[in-house]
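**Student:** Can you keep this structure in mind? I'll have questions shortly.
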Amino acid sequence: MTELLLDVTFSCCACDGETTVTLQCRGKGLESGPRTIAATQVPCYCCGAYNYVYFHPTGEVVAVGPVETREEAGQGSRRVLAPSRN
Ligand SMILES: [Zn+2]
């Protein structure tokens, strides 16, 4: 099984604080190449707000988006929000 430990650094949507998290990634998605985008929810170290973090298996952050509510954050990956691009 492919498994990765990634250190991902992102800026919080709510407070702009920098948070670095170590993410454990595994599964078939990792084998489809370095341009694969994975998403996870991470609470900010600074203010506690949840952020959706989209990243490549290389550890490069693609986009960060806010998680609207705590309830939504608790539901895991049921809902997928597209990152906004202007
Ligand atoms: Zn924050």
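Residues in the structure tokens are named by chain (A, B, ... in the order shown) and by number from 1 within that chain; ligands are numbered from 1 in the order shown.
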Check every protein, DNA and RNA residue against ligand 1, keep those with an atom at most 7 Å away (counting only C-alpha atoms and all ligand atoms), and present them as an MDAnalysis selection string.

**Tutor:** chainID A and resid 12:17 44:49

**Student:** How far is it from atom CA of A:Gln24 to atom CA of A:Tyr52, in Å with one decimal?

**Tutor:**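 Here the two named atoms are 15.6 Å from each other.
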
**Student:** Would you pick out the contacts of A:Leu5 at 12 Å or less, using only C-alpha atoms, so that residues sharing its chain but fewer than 2 positions from it are not included, and give the list as a short mmCIF file (atom, residue, chain, number, x, y, z; two decimals) with N, CA and C atoms, in the first residue's frame?

**Tutor:**
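What follows is the written file out24.cif:
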```cif
data_model
loop_
_atom_site.label_atom_id
_atom_site.label_comp_id
_atom_site.auth_asym_id
_atom_site.auth_seq_id
_atom_site.Cartn_x
_atom_site.Cartn_y
_atom_site.Cartn_z
N THR A 2 0.49 2.18 -0.82
CA THR A 2 1.22 3.45 -0.85
C THR A 2 0.84 4.28 0.37
N GLU A 3 1.83 4.78 1.05
CA GLU A 3 1.54 5.61 2.21
C GLU A 3 2.56 6.73 2.30
N ASP A 7 4.29 16.97 5.47
CA ASP A 7 4.19 18.20 6.26
C ASP A 7 3.62 19.28 5.35
N VAL A 8 2.43 19.72 5.68
CA VAL A 8 1.75 20.71 4.85
C VAL A 8 1.58 22.00 5.65
N VAL A 21 0.79 21.08 9.49
CA VAL A 21 0.28 19.81 9.99
C VAL A 21 0.99 18.67 9.28
N THR A 22 1.11 17.57 9.98
CA THR A 22 1.62 16.36 9.35
C THR A 22 0.43 15.48 9.01
N LEU A 23 0.29 15.20 7.73
CA LEU A 23 -0.85 14.43 7.25
C LEU A 23 -0.38 13.06 6.81
N GLN A 24 -1.17 12.07 7.17
CA GLN A 24 -0.88 10.72 6.70
C GLN A 24 -1.82 10.42 5.55
N CYS A 25 -1.25 10.11 4.41
CA CYS A 25 -2.05 9.87 3.21
C CYS A 25 -1.80 8.45 2.74
N ARG A 26 -2.87 7.83 2.32
CA ARG A 26 -2.71 6.50 1.75
C ARG A 26 -3.86 6.21 0.81
N LEU A 30 -3.04 8.19 -4.48
CA LEU A 30 -1.64 8.61 -4.50
C LEU A 30 -0.89 8.07 -5.69
N PRO A 57 0.11 15.38 -3.57
CA PRO A 57 0.89 14.40 -2.79
C PRO A 57 2.34 14.80 -2.57
N THR A 58 2.77 15.85 -3.25
CA THR A 58 4.11 16.37 -3.03
C THR A 58 4.19 17.24 -1.79
N GLY A 59 3.03 17.58 -1.22
CA GLY A 59 3.00 18.47 -0.07
C GLY A 59 2.70 19.91 -0.45
#
```
